[in-house]
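One structure is given below, encoded as structure tokens.
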Amino acid sequence: MPEPTVPPPASASPRAVAWGAIARQEWFLGVSLVTSLIFFIQGPALFAALSNPAMLLVVFGWLFGVALGSIMAVVRHADMLAIRLGEPFGTLILTLSVVAVEVVSISAVTLQGHGDPTLARDTLFAVVMILLNGMIGLALLVGAWRHHEQQYNLQGANAYLGLILPLAVLSLVLPDFTQTTPGPAMSLSQSIFLIVMAAGLYLGFLALQTGRHRGYFMLSDVDEPTHPAPSGEAPPLARHALFLALYMAPVVFLAEQLGQPLDHLIQGANAPAELGGLVIAALVATPEAIGAVRSAFADHLQRAVNIVLGSTLATIGLTVPAVLVIGLATGQGVMLGLDHTDFVLLLLTLAVSVVTFASGRTNVMQGAVHLLLFAAYLLLMFER
């Protein structure tokens with residue numbers, strides 16, 4: 001008598017397979033949420049042990065690593081949204097996502113109670129130095145080293161720089177020279193003017209970038225990078241938008257928690273206060289740096305230029321109004337004016353950037369000059 005055949009186990013449903021794949025791809029969201037829960041419950045106990053140098057390094061590395069991983073995930077989902085929208089909308093989504101993280105990070109640390117009136121200034125200046133010197137220098141050096149010369153749309157670069165220069169000077173230089181208020185600060189009317197002007201100019205630029213002058217930010221005679229979706233299917237916009245928001249939510253809390261170990265680290269190492277701004281700037285700028293260098297290495301310099309200059313413009317045009325509004329709403333003073341050393345570095349960086357983006361082509365030497373300026377910024381932070 002033949003043995004009865006055993007039916008094969010039923011295969012998992014397509015829905016279950018899809019959710020399993022999503023869970024494997026988004027496992028770091030669990031890490032981010034669990035870390036946030038731990039510090040929400042046990043944060044005071046962990047921070048009480050920060051006088052121990054080993055514990056200080058563990059807590060700081062833990063928070064910084066998880067926050068950086070969450071920001072990297074935000075950028076990954078923003079980049080997936082860019083697949084469907086193309087340039088310049090793709091780079092715009094990436095830029096706005098990172099600037100949103102920057103704004104909430106600065107706001108969270110400021111509102112936590114540290115009351116450092118120069119934190120926003122130090123972070124803004126550090127972001128500008130990282131973007132216009134470190135990031136663009138490395139991208140130009142790596143790209144030109146492999147491809148000798150690279151091209152970009154000169155009109156787009158000029159459009160970016162035409163706004164970056166006046167906004168940077170009015171935000172970070174002019175407060176040192178105003179006489180209505182003492183120190184590197186602005187009066188209420190001056191602050192309101194800067195808020196309206198910076199936000200208005202940036203919104204006007206967005207209309208230009210996504211409207212009639214969209215071609216300025218593309219390179220028509222060179223193939224732009226394509227991002228084919230897996231299996232030829234379009235990526236689901238709603239899913240990536242949802243996960244972008246889910247990853248961004250813990251960043252606000254983690255950035256706030258990062259403030260305490262960062263303060264202890266700076267005080268314990270007897271480091272300059274500007275180091276706090278550099279750490280926050282590195283946290284939010286690292287994902288974009290990776291994207292810009294990868295694009296330049298793949299001979300897509302136009303995308304790298306859009307990322308770097310677009311992020312610089314968005315940082316000044318959106319972050320400055322945001323921190324000023326928060327300062328006015330909370331009654332905490334915000335000092336934006338740079339000291340003399342940083343003032344010279346900023347003007348030199350802006351001048352070199354104008355020269356770099358003046359011909360439509362780049363080479364190795366231009367990247368080396370920007371990296372030299374970034375090295376000077378790091379040196380002068382510790383050796384005034």
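Residues in the structure tokens are named by chain (A, B, ... in the order shown) and by number from 1 within that chain; ligands are numbered from 1 in the order shown.
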
Where does region 275-330 of chain A meet region 260-267 of chain A within 9 Å, residue by residue, with the nearest atom pair and distance in Å to one decimal for each, counting only C-alpha atoms, listed by chain and rising number, as a Markdown table?
| residue | atom | partner | partner_atom | distance |
| --- | --- | --- | --- | --- |
| A:Leu275 | CA | A:Ile266 | CA | 7.3 |
| A:Gly276 | CA | A:Leu262 | CA | 6.7 |
| A:Val279 | CA | A:Leu262 | CA | 8.4 |

Same residues, C-alpha atoms, output as a short mmCIF file (atom, residue, chain, number, x, y, z; two decimals), in the first residue's frame:
data_model
loop_
_atom_site.label_atom_id
_atom_site.label_comp_id
_atom_site.auth_asym_id
_atom_site.auth_seq_id
_atom_site.Cartn_x
_atom_site.Cartn_y
_atom_site.Cartn_z
CA LEU A 275 34.27 71.86 18.52
CA GLY A 276 30.63 71.35 19.53
CA VAL A 279 30.56 67.72 15.76
#

Considering only C-alpha atoms, return as a PyMOL selection string whatever protein or nucleic-acid residues lie within 10 Å of region 356-363 of chain A, sequence-local ones (same chain, fewer than 3 positions apart) excluded.
chain A and resi 140-145+147-158+161+301+305+350-353+366-370

Go ahead and dump the residues you just picked, N, CA and C atoms, as an mmCIF file, in the first residue's frame.
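Ended up saving to out-v6.cif:
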data_model
loop_
_atom_site.group_PDB
_atom_site.id
_atom_site.type_symbol
_atom_site.label_atom_id
_atom_site.label_comp_id
_atom_site.auth_asym_id
_atom_site.auth_seq_id
_atom_site.Cartn_x
_atom_site.Cartn_y
_atom_site.Cartn_z
ATOM 1 N N LEU A 140 36.097 67.216 -5.845
ATOM 2 C CA LEU A 140 36.858 67.654 -7.020
ATOM 3 C C LEU A 140 38.160 66.878 -7.158
ATOM 4 N N LEU A 141 38.823 66.627 -6.036
ATOM 5 C CA LEU A 141 40.096 65.905 -6.085
ATOM 6 C C LEU A 141 39.902 64.476 -6.567
ATOM 7 N N VAL A 142 38.920 63.776 -5.988
ATOM 8 C CA VAL A 142 38.672 62.382 -6.363
ATOM 9 C C VAL A 142 38.188 62.290 -7.812
ATOM 10 N N GLY A 143 37.238 63.165 -8.170
ATOM 11 C CA GLY A 143 36.709 63.113 -9.531
ATOM 12 C C GLY A 143 37.742 63.458 -10.580
ATOM 13 N N ALA A 144 38.518 64.522 -10.351
ATOM 14 C CA ALA A 144 39.517 64.929 -11.335
ATOM 15 C C ALA A 144 40.690 63.957 -11.372
ATOM 16 N N TRP A 145 41.015 63.343 -10.242
ATOM 17 C CA TRP A 145 42.097 62.362 -10.236
ATOM 18 C C TRP A 145 41.776 61.190 -11.165
ATOM 19 N N HIS A 147 39.136 61.303 -13.644
ATOM 20 C CA HIS A 147 38.624 61.710 -14.961
ATOM 21 C C HIS A 147 39.337 62.939 -15.529
ATOM 22 N N HIS A 148 40.388 63.398 -14.865
ATOM 23 C CA HIS A 148 41.204 64.539 -15.320
ATOM 24 C C HIS A 148 40.437 65.858 -15.237
ATOM 25 N N GLU A 149 39.493 66.091 -16.106
ATOM 26 C CA GLU A 149 38.656 67.284 -16.040
ATOM 27 C C GLU A 149 37.196 66.862 -16.028
ATOM 28 N N GLN A 150 36.382 67.637 -15.300
ATOM 29 C CA GLN A 150 34.958 67.341 -15.233
ATOM 30 C C GLN A 150 34.160 68.601 -15.525
ATOM 31 N N GLN A 151 32.959 68.403 -16.051
ATOM 32 C CA GLN A 151 32.117 69.529 -16.462
ATOM 33 C C GLN A 151 30.892 69.664 -15.555
ATOM 34 N N TYR A 152 30.372 70.861 -15.504
ATOM 35 C CA TYR A 152 29.127 71.147 -14.804
ATOM 36 C C TYR A 152 28.489 72.344 -15.487
ATOM 37 N N ASN A 153 27.243 72.626 -15.165
ATOM 38 C CA ASN A 153 26.527 73.746 -15.765
ATOM 39 C C ASN A 153 26.920 75.031 -15.035
ATOM 40 N N LEU A 154 27.603 75.920 -15.727
ATOM 41 C CA LEU A 154 28.110 77.136 -15.124
ATOM 42 C C LEU A 154 26.983 78.053 -14.650
ATOM 43 N N GLN A 155 25.867 78.075 -15.369
ATOM 44 C CA GLN A 155 24.755 78.937 -14.972
ATOM 45 C C GLN A 155 24.185 78.532 -13.624
ATOM 46 N N GLY A 156 24.095 77.233 -13.369
ATOM 47 C CA GLY A 156 23.579 76.773 -12.094
ATOM 48 C C GLY A 156 24.506 77.135 -10.943
ATOM 49 N N ALA A 157 25.818 76.931 -11.142
ATOM 50 C CA ALA A 157 26.784 77.285 -10.102
ATOM 51 C C ALA A 157 26.730 78.774 -9.794
ATOM 52 N N ASN A 158 26.623 79.603 -10.824
ATOM 53 C CA ASN A 158 26.536 81.049 -10.612
ATOM 54 C C ASN A 158 25.251 81.430 -9.878
ATOM 55 N N LEU A 161 25.920 80.576 -6.176
ATOM 56 C CA LEU A 161 26.867 81.490 -5.541
ATOM 57 C C LEU A 161 26.321 82.906 -5.454
ATOM 58 N N LEU A 301 29.631 65.118 -11.996
ATOM 59 C CA LEU A 301 29.976 66.272 -11.176
ATOM 60 C C LEU A 301 28.796 67.214 -11.004
ATOM 61 N N VAL A 305 27.884 69.066 -7.563
ATOM 62 C CA VAL A 305 27.782 70.521 -7.426
ATOM 63 C C VAL A 305 26.419 70.903 -6.867
ATOM 64 N N LEU A 350 34.756 81.983 0.261
ATOM 65 C CA LEU A 350 33.812 82.481 -0.736
ATOM 66 C C LEU A 350 34.541 82.942 -2.000
ATOM 67 N N ALA A 351 35.671 83.624 -1.830
ATOM 68 C CA ALA A 351 36.430 84.096 -2.990
ATOM 69 C C ALA A 351 36.976 82.929 -3.808
ATOM 70 N N VAL A 352 37.536 81.922 -3.131
ATOM 71 C CA VAL A 352 38.067 80.754 -3.838
ATOM 72 C C VAL A 352 36.947 79.986 -4.527
ATOM 73 N N SER A 353 35.771 79.913 -3.900
ATOM 74 C CA SER A 353 34.641 79.215 -4.518
ATOM 75 C C SER A 353 34.210 79.904 -5.808
ATOM 76 N N GLN A 366 42.200 72.542 -8.036
ATOM 77 C CA GLN A 366 41.115 73.240 -7.358
ATOM 78 C C GLN A 366 40.650 72.472 -6.123
ATOM 79 N N GLY A 367 40.551 71.155 -6.250
ATOM 80 C CA GLY A 367 40.187 70.349 -5.088
ATOM 81 C C GLY A 367 41.224 70.434 -3.987
ATOM 82 N N ALA A 368 42.501 70.445 -4.352
ATOM 83 C CA ALA A 368 43.569 70.529 -3.358
ATOM 84 C C ALA A 368 43.516 71.852 -2.597
ATOM 85 N N VAL A 369 43.214 72.949 -3.286
ATOM 86 C CA VAL A 369 43.145 74.255 -2.632
ATOM 87 C C VAL A 369 42.022 74.275 -1.596
ATOM 88 N N HIS A 370 40.864 73.726 -1.943
ATOM 89 C CA HIS A 370 39.747 73.711 -0.993
ATOM 90 C C HIS A 370 40.062 72.837 0.216
#

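Between CA of Ala314 (chain A) and CA of Gln302 (chain A) the separation is 17.4 Å.
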
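Between CA of Gly317 (chain A) and CA of Met335 (chain A) the interatomic distance comes to 16.6 Å.
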
Region 255-320 of chain A residues near region 378-381 of chain A within 10 Å, closest pair each, using only C-alpha atoms, as a tab-separated table:
residue	atom	partner	partner_atom	distance
A:Ala271	CA	A:Met381	CA	9.2
A:Pro272	CA	A:Met381	CA	7.1
A:Ala273	CA	A:Met381	CA	9.2
A:Glu274	CA	A:Met381	CA	7.0
A:Leu275	CA	A:Met381	CA	7.7
A:Leu278	CA	A:Leu378	CA	9.4

The distance between CA of Tyr160 (chain A) and CA of Val323 (chain A) is 21.9 Å

With a distance cut-off of 9 Å and only C-alpha atoms, select the neighbouring residues of Val101 (chain A), excluding the residue or stretch itself and same-chain residues fewer than 2 positions from it, and output the selection as a PyMOL selection string.
chain A and resi 71+96-99+103-106+248+251-252+284
